[in-house]
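Enquirer: Data: start.txt, compact mmCIF, C-alpha atoms and all ligand atoms.
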```
# COMPACT_ATOMS: atom_id res chain seq x y z
CA MET A 1 -122.39 81.22 -97.57
CA THR A 2 -125.66 82.57 -98.96
CA SER A 3 -128.80 80.77 -97.85
CA ALA A 4 -131.55 79.77 -100.30
CA ILE A 5 -133.80 82.54 -99.02
CA GLU A 6 -131.08 85.19 -99.42
CA SER A 7 -130.42 84.16 -103.01
CA VAL A 8 -134.11 84.20 -104.02
CA LEU A 9 -134.44 87.65 -102.43
CA ARG A 10 -131.61 88.90 -104.61
CA ALA A 11 -133.20 87.74 -107.86
CA PRO A 12 -133.49 90.91 -110.01
CA GLN A 13 -136.84 89.93 -111.55
CA LEU A 14 -138.56 89.54 -108.15
CA GLN A 15 -141.50 91.95 -107.72
CA ALA A 16 -140.92 94.61 -105.04
CA ASP A 17 -144.00 93.67 -102.96
CA LEU A 18 -143.02 89.99 -102.91
CA ARG A 19 -139.44 90.93 -101.99
CA ARG A 20 -140.76 92.93 -99.03
CA ILE A 21 -142.66 89.90 -97.79
CA GLY A 22 -139.55 87.74 -98.17
CA GLU A 23 -137.50 90.23 -96.18
CA LYS A 24 -140.09 90.13 -93.42
CA VAL A 25 -139.88 86.34 -93.33
CA LEU A 26 -136.07 86.49 -93.24
CA ASN A 27 -136.28 88.95 -90.32
CA GLN A 28 -138.88 86.77 -88.62
CA GLU A 29 -141.54 89.47 -88.79
CA ARG A 30 -145.22 88.62 -89.11
CA ILE A 31 -146.89 89.03 -92.50
CA THR A 32 -150.31 90.71 -92.85
CA PRO A 33 -153.50 89.16 -94.27
CA ASP A 34 -153.09 91.13 -97.53
CA GLU A 35 -149.54 89.82 -97.84
CA GLY A 36 -150.82 86.29 -97.24
CA VAL A 37 -153.31 86.64 -100.11
CA MET A 38 -150.56 88.11 -102.29
CA LEU A 39 -148.36 85.07 -101.66
CA TYR A 40 -151.18 82.74 -102.71
CA GLU A 41 -151.96 84.79 -105.81
CA LYS A 42 -148.62 85.97 -107.10
CA ALA A 43 -145.63 84.08 -105.69
CA ASP A 44 -143.80 81.42 -107.70
CA LEU A 45 -143.77 77.98 -106.15
CA SER A 46 -139.97 78.06 -105.93
CA TYR A 47 -140.10 81.37 -104.04
CA LEU A 48 -142.72 79.97 -101.62
CA ALA A 49 -140.56 76.89 -101.10
CA ALA A 50 -137.52 78.99 -100.17
CA LEU A 51 -139.51 81.09 -97.68
CA ALA A 52 -141.44 78.20 -96.13
CA ASN A 53 -138.36 76.02 -95.85
CA PHE A 54 -136.55 78.87 -94.12
CA VAL A 55 -139.33 79.07 -91.50
CA ARG A 56 -139.38 75.29 -91.14
CA GLU A 57 -135.64 75.05 -90.64
CA GLN A 58 -135.59 77.97 -88.20
CA LYS A 59 -138.12 76.09 -86.09
CA HIS A 60 -137.07 72.47 -86.55
CA GLY A 61 -133.89 72.18 -88.61
CA ASN A 62 -134.05 68.98 -90.58
CA ASN A 63 -136.18 67.12 -88.01
CA THR A 64 -139.26 65.44 -89.39
CA TYR A 65 -141.68 63.87 -86.96
CA PHE A 66 -144.05 60.94 -86.99
CA ASN A 67 -145.77 58.88 -84.34
CA ARG A 68 -147.17 55.40 -83.85
CA ASN A 69 -150.91 55.65 -83.68
CA PHE A 70 -154.19 54.05 -84.60
CA HIS A 71 -157.68 55.42 -85.06
CA ILE A 72 -161.05 54.47 -83.65
CA GLU A 73 -164.02 55.71 -85.65
CA PRO A 74 -167.00 55.01 -83.36
CA THR A 75 -169.53 55.50 -86.17
CA ASN A 76 -169.68 56.59 -89.78
CA LEU A 77 -173.27 57.80 -89.44
CA CYS A 78 -173.84 61.45 -88.68
CA VAL A 79 -176.75 63.71 -87.89
CA TYR A 80 -175.07 66.55 -89.75
CA SER A 81 -175.00 66.95 -93.48
CA CYS A 82 -171.65 68.39 -94.48
CA LYS A 83 -171.68 68.36 -98.25
CA PHE A 84 -168.01 67.37 -98.57
CA CYS A 85 -168.27 64.40 -96.24
CA SER A 86 -168.62 60.85 -97.45
CA TYR A 87 -170.06 59.86 -94.07
CA SER A 88 -173.06 62.19 -94.01
CA ARG A 89 -174.79 60.74 -97.08
CA LEU A 90 -175.18 57.42 -95.31
CA ILE A 91 -178.09 58.37 -93.04
CA LYS A 92 -179.93 60.16 -95.85
CA GLN A 93 -179.55 57.25 -98.23
CA LYS A 94 -180.36 54.75 -95.46
CA GLU A 95 -177.20 52.88 -96.33
CA GLU A 96 -175.58 50.52 -93.89
CA GLY A 97 -173.09 52.17 -91.63
CA TRP A 98 -171.29 51.07 -88.49
CA ILE A 99 -171.97 51.99 -84.88
CA LEU A 100 -169.43 50.46 -82.53
CA THR A 101 -170.28 49.47 -78.98
CA LYS A 102 -167.92 50.29 -76.14
CA GLU A 103 -166.90 46.63 -76.06
CA GLN A 104 -166.04 46.66 -79.77
CA MET A 105 -163.93 49.79 -79.30
CA MET A 106 -162.17 48.21 -76.33
CA ASP A 107 -161.45 45.16 -78.50
CA ILE A 108 -159.72 47.48 -80.97
CA VAL A 109 -157.66 48.98 -78.12
CA LYS A 110 -156.81 45.50 -76.83
CA SER A 111 -155.72 44.35 -80.28
CA TYR A 112 -152.75 46.75 -79.84
CA ASP A 113 -151.69 45.31 -76.49
CA GLN A 114 -148.46 43.87 -77.81
CA LYS A 115 -147.74 46.75 -80.17
CA PRO A 116 -145.63 49.84 -79.42
CA VAL A 117 -148.29 52.44 -80.31
CA THR A 118 -148.39 55.63 -78.25
CA GLU A 119 -151.65 57.26 -79.36
CA VAL A 120 -155.26 56.48 -80.16
CA HIS A 121 -157.05 59.08 -82.29
CA ILE A 122 -160.84 58.88 -81.79
CA VAL A 123 -163.01 60.70 -84.33
CA GLY A 124 -166.26 59.92 -86.08
CA GLY A 125 -169.77 60.97 -86.98
CA VAL A 126 -172.16 62.58 -84.52
CA LEU A 127 -175.04 60.53 -83.11
CA PRO A 128 -177.36 61.20 -80.12
CA GLN A 129 -176.64 57.86 -78.46
CA MET A 130 -172.91 58.58 -78.49
CA ASN A 131 -173.24 61.15 -75.73
CA LEU A 132 -171.06 62.61 -73.00
CA ALA A 133 -171.76 59.76 -70.57
CA PHE A 134 -170.96 57.16 -73.24
CA PHE A 135 -167.62 58.76 -74.11
CA THR A 136 -166.49 59.47 -70.54
CA ASP A 137 -167.14 55.79 -69.83
CA LEU A 138 -165.14 54.78 -72.93
CA LEU A 139 -162.19 57.01 -72.02
CA ARG A 140 -162.15 55.64 -68.45
CA SER A 141 -162.07 52.08 -69.77
CA ILE A 142 -159.22 52.84 -72.19
CA LYS A 143 -157.15 54.47 -69.46
CA GLN A 144 -157.88 51.63 -67.05
CA HIS A 145 -156.66 49.15 -69.64
CA ARG A 146 -153.62 51.08 -70.91
CA PRO A 147 -152.91 54.19 -68.81
CA GLU A 148 -149.96 55.46 -70.87
CA LEU A 149 -151.84 55.44 -74.19
CA HIS A 150 -152.42 59.07 -75.22
CA ILE A 151 -156.06 59.74 -76.11
CA LYS A 152 -156.47 62.38 -78.81
CA GLY A 153 -160.21 62.51 -79.00
CA PHE A 154 -163.24 64.09 -80.70
CA THR A 155 -163.50 67.21 -82.80
CA ALA A 156 -165.03 70.45 -81.59
CA VAL A 157 -168.08 69.53 -83.69
CA GLU A 158 -168.59 66.35 -81.67
CA TYR A 159 -168.05 68.30 -78.42
CA TYR A 160 -170.50 71.00 -79.39
CA TYR A 161 -173.25 68.44 -79.95
CA MET A 162 -172.56 66.29 -76.88
CA PHE A 163 -172.23 69.27 -74.51
CA LYS A 164 -175.47 70.81 -75.78
CA LYS A 165 -177.33 67.51 -75.28
CA ALA A 166 -175.85 67.11 -71.79
CA LYS A 167 -176.70 70.76 -70.95
CA VAL A 168 -173.18 71.59 -69.80
CA ASN A 169 -170.98 74.47 -70.91
CA TYR A 170 -167.72 73.89 -72.81
CA THR A 171 -165.53 74.08 -69.72
CA GLU A 172 -167.73 71.73 -67.67
CA GLY A 173 -167.93 69.19 -70.49
CA LEU A 174 -164.21 69.27 -71.22
CA GLN A 175 -163.41 69.00 -67.52
CA LEU A 176 -165.46 65.79 -67.29
CA LEU A 177 -163.65 64.31 -70.29
CA LEU A 178 -160.28 65.45 -68.94
CA GLU A 179 -161.00 63.64 -65.66
CA ALA A 180 -162.01 60.56 -67.63
CA GLY A 181 -158.69 60.46 -69.52
CA LEU A 182 -158.77 62.85 -72.47
CA ASP A 183 -155.23 64.03 -73.30
CA SER A 184 -155.60 66.24 -76.36
CA ILE A 185 -158.01 67.36 -79.07
CA PRO A 186 -157.58 66.73 -82.80
CA GLY A 187 -158.01 69.53 -85.30
CA GLY A 188 -161.05 68.35 -87.26
CA GLY A 189 -164.30 70.18 -87.83
CA ALA A 190 -162.69 73.54 -88.58
CA GLU A 191 -163.31 73.32 -92.37
CA ILE A 192 -163.45 77.00 -93.42
CA PHE A 193 -164.46 79.36 -90.64
CA HIS A 194 -165.84 82.16 -92.80
CA PRO A 195 -169.67 82.01 -92.59
CA ASP A 196 -170.20 82.58 -96.33
CA ILE A 197 -168.40 79.32 -97.11
CA ARG A 198 -169.43 77.44 -93.99
CA GLN A 199 -173.09 78.04 -94.83
CA GLN A 200 -172.61 76.44 -98.21
CA ILE A 201 -170.60 73.39 -97.22
CA CYS A 202 -171.63 72.54 -93.64
CA GLU A 203 -174.43 74.84 -92.55
CA ASP A 204 -175.92 72.74 -89.76
CA LYS A 205 -172.91 72.09 -87.55
CA CYS A 206 -171.14 74.38 -85.10
CA THR A 207 -169.96 77.76 -86.40
CA GLY A 208 -166.36 78.83 -86.79
CA GLN A 209 -166.68 80.97 -83.65
CA GLU A 210 -168.01 78.00 -81.67
CA TRP A 211 -165.13 75.81 -82.92
CA LEU A 212 -162.61 78.43 -81.81
CA ALA A 213 -164.35 78.93 -78.43
CA ILE A 214 -164.23 75.19 -77.66
CA HIS A 215 -160.51 75.04 -78.43
CA GLU A 216 -159.94 78.16 -76.34
CA ALA A 217 -161.81 76.60 -73.40
CA ALA A 218 -159.68 73.45 -73.77
CA HIS A 219 -156.45 75.46 -73.76
CA HIS A 220 -157.51 77.20 -70.54
CA LEU A 221 -157.88 73.76 -68.96
CA GLY A 222 -154.39 72.80 -70.16
CA ILE A 223 -155.66 70.49 -72.93
CA PRO A 224 -153.57 70.97 -76.08
CA SER A 225 -155.14 70.76 -79.52
CA ASN A 226 -154.47 70.67 -83.24
CA CYS A 227 -156.18 72.67 -85.95
CA THR A 228 -157.12 72.03 -89.57
CA MET A 229 -158.41 73.75 -92.70
CA LEU A 230 -160.37 71.98 -95.42
CA TYR A 231 -159.18 73.58 -98.66
CA GLY A 232 -159.54 73.15 -102.39
CA HIS A 233 -163.31 73.31 -102.88
CA ILE A 234 -165.39 76.51 -103.26
CA GLU A 235 -163.32 78.81 -101.07
CA GLN A 236 -161.13 81.62 -102.38
CA TYR A 237 -157.63 82.47 -101.21
CA TRP A 238 -158.86 85.25 -98.94
CA HIS A 239 -161.16 82.77 -97.15
CA ARG A 240 -158.11 80.62 -96.43
CA ILE A 241 -156.22 83.63 -95.08
CA ASP A 242 -159.23 84.64 -92.99
CA HIS A 243 -159.18 81.10 -91.55
CA LEU A 244 -155.43 81.19 -90.84
CA GLU A 245 -155.78 84.66 -89.29
CA ARG A 246 -158.45 83.44 -86.83
CA LEU A 247 -156.18 80.55 -85.86
CA ARG A 248 -153.18 82.85 -85.46
CA GLN A 249 -155.19 85.16 -83.20
CA LEU A 250 -156.38 82.27 -81.03
CA GLN A 251 -152.83 81.00 -80.75
CA ASP A 252 -151.61 84.46 -79.70
CA ARG A 253 -154.11 84.31 -76.84
CA THR A 254 -153.51 80.75 -75.64
CA GLN A 255 -150.46 79.04 -77.23
CA GLY A 256 -152.54 75.87 -76.97
CA MET A 257 -152.21 74.53 -80.51
CA ASN A 258 -149.37 72.20 -81.41
CA CYS A 259 -149.95 71.56 -85.04
CA PHE A 260 -151.80 72.78 -88.15
CA ILE A 261 -153.04 70.22 -90.68
CA PRO A 262 -154.31 71.40 -94.07
CA LEU A 263 -156.85 68.85 -95.32
CA LYS A 264 -157.28 68.62 -99.07
CA PHE A 265 -160.87 68.22 -100.24
CA ARG A 266 -161.37 64.78 -101.82
CA ARG A 267 -164.38 64.43 -104.08
CA GLU A 268 -165.55 60.80 -104.17
CA ASN A 269 -168.90 59.74 -102.69
CA ASN A 270 -170.06 63.11 -101.45
CA GLU A 271 -172.36 65.92 -102.50
CA MET A 272 -169.50 68.02 -103.84
CA SER A 273 -168.29 65.46 -106.34
CA TYR A 274 -169.08 67.92 -109.15
CA LEU A 275 -165.93 69.85 -108.16
CA ASN A 276 -162.46 68.96 -109.39
CA GLU A 277 -159.78 68.35 -106.83
CA VAL A 278 -156.93 70.86 -106.76
CA SER A 279 -153.50 69.91 -108.13
CA VAL A 280 -150.42 68.79 -106.24
CA LEU A 281 -148.90 72.19 -107.01
CA GLU A 282 -151.79 73.83 -105.18
CA ASP A 283 -151.27 71.48 -102.23
CA LEU A 284 -147.63 72.56 -102.02
CA ARG A 285 -148.52 76.25 -102.39
CA ASN A 286 -151.00 75.85 -99.55
CA TYR A 287 -148.49 74.14 -97.24
CA ALA A 288 -145.96 76.88 -97.90
CA VAL A 289 -148.28 79.84 -97.33
CA SER A 290 -149.66 78.19 -94.17
CA ARG A 291 -146.12 77.70 -92.84
CA ILE A 292 -145.24 81.33 -93.53
CA TYR A 293 -148.50 82.74 -92.16
CA LEU A 294 -148.86 80.69 -88.98
CA ASP A 295 -145.67 81.93 -87.36
CA ASN A 296 -146.91 80.99 -83.88
CA ILE A 297 -148.04 77.37 -84.42
CA PRO A 298 -145.00 75.16 -84.03
CA HIS A 299 -145.75 72.21 -86.34
CA LEU A 300 -147.16 71.75 -89.84
CA LYS A 301 -148.45 68.29 -90.70
CA ALA A 302 -148.95 66.59 -94.06
CA TYR A 303 -151.55 63.91 -93.43
CA TRP A 304 -150.30 61.15 -95.72
CA PRO A 305 -153.51 59.05 -95.96
CA MET A 306 -155.16 62.10 -97.51
CA ILE A 307 -152.56 63.35 -99.98
CA GLY A 308 -150.56 60.20 -100.63
CA LYS A 309 -146.96 59.30 -99.93
CA THR A 310 -145.29 61.10 -102.85
CA THR A 311 -146.92 64.46 -102.16
CA THR A 312 -146.07 63.96 -98.49
CA GLN A 313 -142.40 63.64 -99.46
CA LEU A 314 -142.60 66.76 -101.62
CA SER A 315 -144.34 68.70 -98.84
CA LEU A 316 -141.21 68.35 -96.69
CA ALA A 317 -139.60 70.96 -98.97
CA PHE A 318 -142.59 73.32 -98.53
CA GLY A 319 -142.65 73.88 -94.79
CA VAL A 320 -144.01 70.56 -93.52
CA ASN A 321 -142.19 68.96 -90.58
CA ASP A 322 -144.62 66.23 -89.48
CA ILE A 323 -146.29 63.38 -91.33
CA ASP A 324 -148.68 61.94 -88.70
CA GLY A 325 -148.32 58.25 -87.97
CA THR A 326 -148.55 54.58 -88.76
CA ILE A 327 -152.43 54.69 -88.79
CA ASP A 328 -152.59 50.92 -89.31
CA ASP A 329 -155.56 50.95 -91.68
CA THR A 330 -157.87 52.25 -88.96
CA THR A 331 -159.41 55.26 -90.68
CA LYS A 332 -161.99 55.24 -93.43
CA ILE A 333 -162.62 59.01 -93.78
CA TYR A 334 -160.27 59.45 -96.72
CA SER A 335 -160.50 56.10 -98.44
CA MET A 336 -164.28 56.67 -98.62
CA ALA A 337 -163.68 60.16 -100.04
CA GLY A 338 -161.40 58.93 -102.82
CA ALA A 339 -157.85 58.93 -101.43
CA GLU A 340 -155.48 56.69 -103.40
CA ASP A 341 -154.56 54.57 -100.40
CA GLN A 342 -157.62 52.42 -99.69
CA ASN A 343 -155.99 50.70 -96.70
CA PRO A 344 -153.75 53.31 -95.13
CA THR A 345 -150.98 51.82 -93.06
CA MET A 346 -147.22 52.37 -92.84
CA SER A 347 -144.75 50.60 -90.65
CA THR A 348 -142.22 52.61 -88.66
CA GLN A 349 -139.63 51.37 -91.12
CA GLN A 350 -141.62 52.72 -94.08
CA LEU A 351 -142.21 56.09 -92.43
CA VAL A 352 -138.52 56.37 -91.66
CA ALA A 353 -137.62 55.47 -95.27
CA LEU A 354 -140.11 57.99 -96.66
CA ILE A 355 -138.45 60.77 -94.62
CA LYS A 356 -134.85 59.66 -95.18
CA ASN A 357 -135.34 59.35 -98.95
CA VAL A 358 -135.80 63.09 -99.21
CA GLY A 359 -132.83 63.88 -97.00
CA ARG A 360 -134.65 64.70 -93.77
CA ARG A 361 -134.07 63.44 -90.23
CA PRO A 362 -136.80 61.03 -89.00
CA ILE A 363 -137.79 61.44 -85.37
CA GLU A 364 -140.51 59.48 -83.65
CA ARG A 365 -142.45 61.82 -81.36
CA ASP A 366 -145.14 61.52 -78.75
CA SER A 367 -148.54 63.18 -79.16
CA ILE A 368 -147.39 66.52 -77.79
CA PHE A 369 -144.34 66.51 -80.05
CA ARG A 370 -141.66 65.49 -77.57
CA PRO A 371 -139.00 63.40 -79.35
CA ILE A 372 -138.98 59.69 -78.50
CA GLN A 373 -136.41 58.29 -80.92
CA ASP A 374 -134.06 59.66 -83.57
CA TYR A 375 -134.00 57.18 -86.48
CA SER A 376 -131.42 58.93 -88.63
CA GLU A 377 -128.64 56.46 -87.83
CA ILE A 378 -130.76 53.34 -87.38
CA VAL A 379 -130.50 50.52 -89.89
CA PHE A 380 -133.47 48.18 -89.69
CA PRO A 381 -132.92 44.44 -89.83
CA LYS A 382 -135.25 43.04 -92.47
CA ASN A 383 -138.90 43.15 -91.34
CA GLU A 384 -138.09 43.68 -87.70
CA PHE A 385 -138.93 46.41 -85.26
CA VAL A 386 -135.94 47.49 -83.18
CA ALA A 387 -136.55 48.55 -79.58
CA LEU A 388 -134.14 51.36 -78.72
CA PRO A 389 -133.40 53.65 -75.79
CA VAL A 390 -135.59 56.75 -75.79
CA ILE A 391 -134.50 60.38 -75.84
CA GLN A 392 -134.94 61.85 -72.35
CA ASN A 393 -136.74 65.12 -71.65
CA GLU A 394 -135.74 66.90 -74.82
CA ARG A 395 -138.33 69.15 -76.42
CA SER A 396 -138.60 69.57 -80.14
CA ASN A 397 -138.80 73.32 -80.00
O1 LIG B 401 -163.24 67.67 -90.03
C1 LIG B 401 -164.16 64.98 -94.22
C2 LIG B 401 -162.24 66.18 -93.08
C3 LIG B 401 -161.79 65.92 -90.89
C4 LIG B 401 -163.47 65.05 -96.29
O2 LIG B 401 -155.62 66.48 -85.42
C5 LIG B 401 -162.51 65.61 -95.46
O3 LIG B 401 -153.93 65.22 -85.91
C6 LIG B 401 -161.19 66.00 -97.29
O4 LIG B 401 -159.61 66.33 -88.49
N1 LIG B 401 -162.10 65.49 -98.15
C7 LIG B 401 -161.55 64.90 -89.78
N2 LIG B 401 -161.36 66.08 -95.96
C8 LIG B 401 -160.10 64.42 -89.76
C9 LIG B 401 -159.19 65.32 -88.96
C10 LIG B 401 -157.77 64.97 -88.73
C11 LIG B 401 -157.11 64.12 -89.59
C12 LIG B 401 -155.78 63.81 -89.33
C13 LIG B 401 -155.12 64.28 -88.24
C14 LIG B 401 -155.78 65.14 -87.37
C15 LIG B 401 -155.08 65.65 -86.17
C16 LIG B 401 -157.11 65.50 -87.62
O5 LIG B 401 -161.76 65.26 -92.13
C17 LIG B 401 -163.10 66.64 -90.92
C18 LIG B 401 -163.11 67.17 -92.34
O6 LIG B 401 -162.45 68.42 -92.39
N3 LIG B 401 -162.97 65.56 -94.20
N4 LIG B 401 -164.50 64.65 -95.50
C19 LIG B 401 -163.25 65.01 -97.69
N5 LIG B 401 -164.15 64.54 -98.55
FE1 LIG B 402 -170.58 64.57 -89.64
FE2 LIG B 402 -168.04 65.33 -89.45
FE3 LIG B 402 -168.96 64.27 -91.74
FE4 LIG B 402 -169.75 66.70 -91.01
S1 LIG B 402 -167.62 66.10 -91.51
S2 LIG B 402 -171.09 65.05 -91.74
S3 LIG B 402 -169.84 66.52 -88.79
S4 LIG B 402 -168.79 63.20 -89.78
```
Once you've parsed the file, please lay out its structure as structure tokens.

Expert:
Amino acid sequence: MTSAIESVLRAPQLQADLRRIGEKVLNQERITPDEGVMLYEKADLSYLAALANFVREQKHGNNTYFNRNFHIEPTNLCVYSCKFCSYSRLIKQKEEGWILTKEQMMDIVKSYDQKPVTEVHIVGGVLPQMNLAFFTDLLRSIKQHRPELHIKGFTAVEYYYMFKKAKVNYTEGLQLLLEAGLDSIPGGGAEIFHPDIRQQICEDKCTGQEWLAIHEAAHHLGIPSNCTMLYGHIEQYWHRIDHLERLRQLQDRTQGMNCFIPLKFRRENNEMSYLNEVSVLEDLRNYAVSRIYLDNIPHLKAYWPMIGKTTTQLSLAFGVNDIDGTIDDTTKIYSMAGAEDQNPTMSTQQLVALIKNVGRRPIERDSIFRPIQDYSEIVFPKNEFVALPVIQNERSN
């Protein structure tokens, strides 16, 4: 039987340079930066889908992952002034924001005591009082209260600021947080690494090189991380490829990144509201090229609170194999920036249905992508969570 990729490669009208790229993908060879740009600029969406889906199925078959998580956003005030961020305007405009105390954050953790969540994702604005000592204390308290809860905490931007203030180097700072209970690092703060764009959209926070160096230091300490790219604003395709190339090179050195998450620029309530948002077709194109280009990063995530549930379903045909988690209405980053879902939350049952409805296999995973439960054969009783035996020691890749 001919696979989808083999049939698109045989299409007589396919341009020779695009066919060569497709053959490379079929042979599992790496594509070059110029070929990456060419895919963005010239390839049909259907061609990209065939190539990206091939890569996705080589890596993960039909498996589509999600987890059960909640967020803590310690503050929505920030000393930095990223133009795309709906948080940063708050300090300038002296609007009311929130700053949570450690006790308030522990109350959020405790409110999940009876719930089967596996991960807390901590990310927020940057403030001087939220320093290294404050966060090591918070992590210790979370681990004391619920040792098995995975803490995915703080972007490289937050680390850069807190380590500088504490006068420690990246390794020393990360080591202190690791000892306090940090388990992994989320992918935020990467935006677009290229200085020409970074200067225009977020000039005062850490550089692309500093972001990459912090993740590299974490990987050397055995702390895994994710990575992101903020796309669909003033960047051009070659800036996106430059970004993906820097991530691919880091991953070649360390193999420390689990997952890449493209983040679509949303325009409400920020200083870049004059821009239009890119279309769903562009979102899908971007997922596909990312999947093809990042041959060494195992997982590609569609973050559903940002792009919405329908595009998330579509993305599963364009290379995506992970859709993040239940979230439980605990993040405000995207609802403040104009995402459709103002109160993002999905039950396990809804996540499973979203995946099954497009013919994929729903698997609950832990934070480092080890399978916990295969939901493909599970029928949910109405409005009930079913506790089931877990998959033992099986890795997803
Ligand atoms: O770095 C801020 C982005 C990021 C906007 O690692 C915006 O699993 C679009 O990194 N439009 C933080 N994006 C969130 C983040 C993240 C999210 C989900 C999962 C993971 C993970 C990480 O949010 C920031 C910035 O790139 N952001 N404002 C905006 N208007
Ligand atoms: Fe601060 Fe992060 Fe927003 Fe930039 S993106 S202003 S660093 S919260």

Enquirer: Please, what distance in Å, to one decimal, runs between CA of Tyr287 (chain A) and CA of Phe318 (chain A)?

Expert: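 Rounded to one decimal, the two atoms are 6.1 Å apart.
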
Enquirer: Quick one: pull the distance between CA of Leu212 (chain A) and CA of Arg291 (chain A), Å, one decimal.

Expert: 19.9 Å

Enquirer: Which polymer residues have any atom within 8 Å of an atom of Arg240 (chain A), counting all atoms listed in the file, with same-chain residues fewer than 4 positions away left out, as number ranges by chain?

Expert: A: 192, 229, 231, 235-236, 244

Enquirer: Convert the current residue selection to file output with C-alpha atoms, as a CSV table (one decimal), in the frame of the given file.

Expert:
```
chain,number,residue,atom,x,y,z
A,192,ILE,CA,-163.4,77.0,-93.4
A,229,MET,CA,-158.4,73.8,-92.7
A,231,TYR,CA,-159.2,73.6,-98.7
A,235,GLU,CA,-163.3,78.8,-101.1
A,236,GLN,CA,-161.1,81.6,-102.4
A,244,LEU,CA,-155.4,81.2,-90.8
```

Enquirer: Could you jot down the CA of Gly61 (chain A) to CA of Thr348 (chain A) separation for me, Å, one decimal place?

Expert: 21.3 Å

Enquirer: Excluding Arg56 (chain A) and residues on its chain fewer than 3 positions from it, collect all residues at most 12 Å away from it, counting only C-alpha atoms, and give them as a PyMOL selection string.

Expert: chain A and resi 25-26+28+48-53+59-64+287-301+315-322+360+397

Enquirer: Those same residues, written as a PDB file, keeping the file's coordinate frame with C-alpha atoms?

Expert:
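Everything below was put into part.pdb:
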```
ATOM      1  CA  VAL A  25    -139.880  86.340 -93.330  1.00  0.00           C
ATOM      2  CA  LEU A  26    -136.070  86.490 -93.240  1.00  0.00           C
ATOM      3  CA  GLN A  28    -138.880  86.770 -88.620  1.00  0.00           C
ATOM      4  CA  LEU A  48    -142.720  79.970-101.620  1.00  0.00           C
ATOM      5  CA  ALA A  49    -140.560  76.890-101.100  1.00  0.00           C
ATOM      6  CA  ALA A  50    -137.520  78.990-100.170  1.00  0.00           C
ATOM      7  CA  LEU A  51    -139.510  81.090 -97.680  1.00  0.00           C
ATOM      8  CA  ALA A  52    -141.440  78.200 -96.130  1.00  0.00           C
ATOM      9  CA  ASN A  53    -138.360  76.020 -95.850  1.00  0.00           C
ATOM     10  CA  LYS A  59    -138.120  76.090 -86.090  1.00  0.00           C
ATOM     11  CA  HIS A  60    -137.070  72.470 -86.550  1.00  0.00           C
ATOM     12  CA  GLY A  61    -133.890  72.180 -88.610  1.00  0.00           C
ATOM     13  CA  ASN A  62    -134.050  68.980 -90.580  1.00  0.00           C
ATOM     14  CA  ASN A  63    -136.180  67.120 -88.010  1.00  0.00           C
ATOM     15  CA  THR A  64    -139.260  65.440 -89.390  1.00  0.00           C
ATOM     16  CA  TYR A 287    -148.490  74.140 -97.240  1.00  0.00           C
ATOM     17  CA  ALA A 288    -145.960  76.880 -97.900  1.00  0.00           C
ATOM     18  CA  VAL A 289    -148.280  79.840 -97.330  1.00  0.00           C
ATOM     19  CA  SER A 290    -149.660  78.190 -94.170  1.00  0.00           C
ATOM     20  CA  ARG A 291    -146.120  77.700 -92.840  1.00  0.00           C
ATOM     21  CA  ILE A 292    -145.240  81.330 -93.530  1.00  0.00           C
ATOM     22  CA  TYR A 293    -148.500  82.740 -92.160  1.00  0.00           C
ATOM     23  CA  LEU A 294    -148.860  80.690 -88.980  1.00  0.00           C
ATOM     24  CA  ASP A 295    -145.670  81.930 -87.360  1.00  0.00           C
ATOM     25  CA  ASN A 296    -146.910  80.990 -83.880  1.00  0.00           C
ATOM     26  CA  ILE A 297    -148.040  77.370 -84.420  1.00  0.00           C
ATOM     27  CA  PRO A 298    -145.000  75.160 -84.030  1.00  0.00           C
ATOM     28  CA  HIS A 299    -145.750  72.210 -86.340  1.00  0.00           C
ATOM     29  CA  LEU A 300    -147.160  71.750 -89.840  1.00  0.00           C
ATOM     30  CA  LYS A 301    -148.450  68.290 -90.700  1.00  0.00           C
ATOM     31  CA  SER A 315    -144.340  68.700 -98.840  1.00  0.00           C
ATOM     32  CA  LEU A 316    -141.210  68.350 -96.690  1.00  0.00           C
ATOM     33  CA  ALA A 317    -139.600  70.960 -98.970  1.00  0.00           C
ATOM     34  CA  PHE A 318    -142.590  73.320 -98.530  1.00  0.00           C
ATOM     35  CA  GLY A 319    -142.650  73.880 -94.790  1.00  0.00           C
ATOM     36  CA  VAL A 320    -144.010  70.560 -93.520  1.00  0.00           C
ATOM     37  CA  ASN A 321    -142.190  68.960 -90.580  1.00  0.00           C
ATOM     38  CA  ASP A 322    -144.620  66.230 -89.480  1.00  0.00           C
ATOM     39  CA  ARG A 360    -134.650  64.700 -93.770  1.00  0.00           C
ATOM     40  CA  ASN A 397    -138.800  73.320 -80.000  1.00  0.00           C
TER      41      ASN A 397
END
```
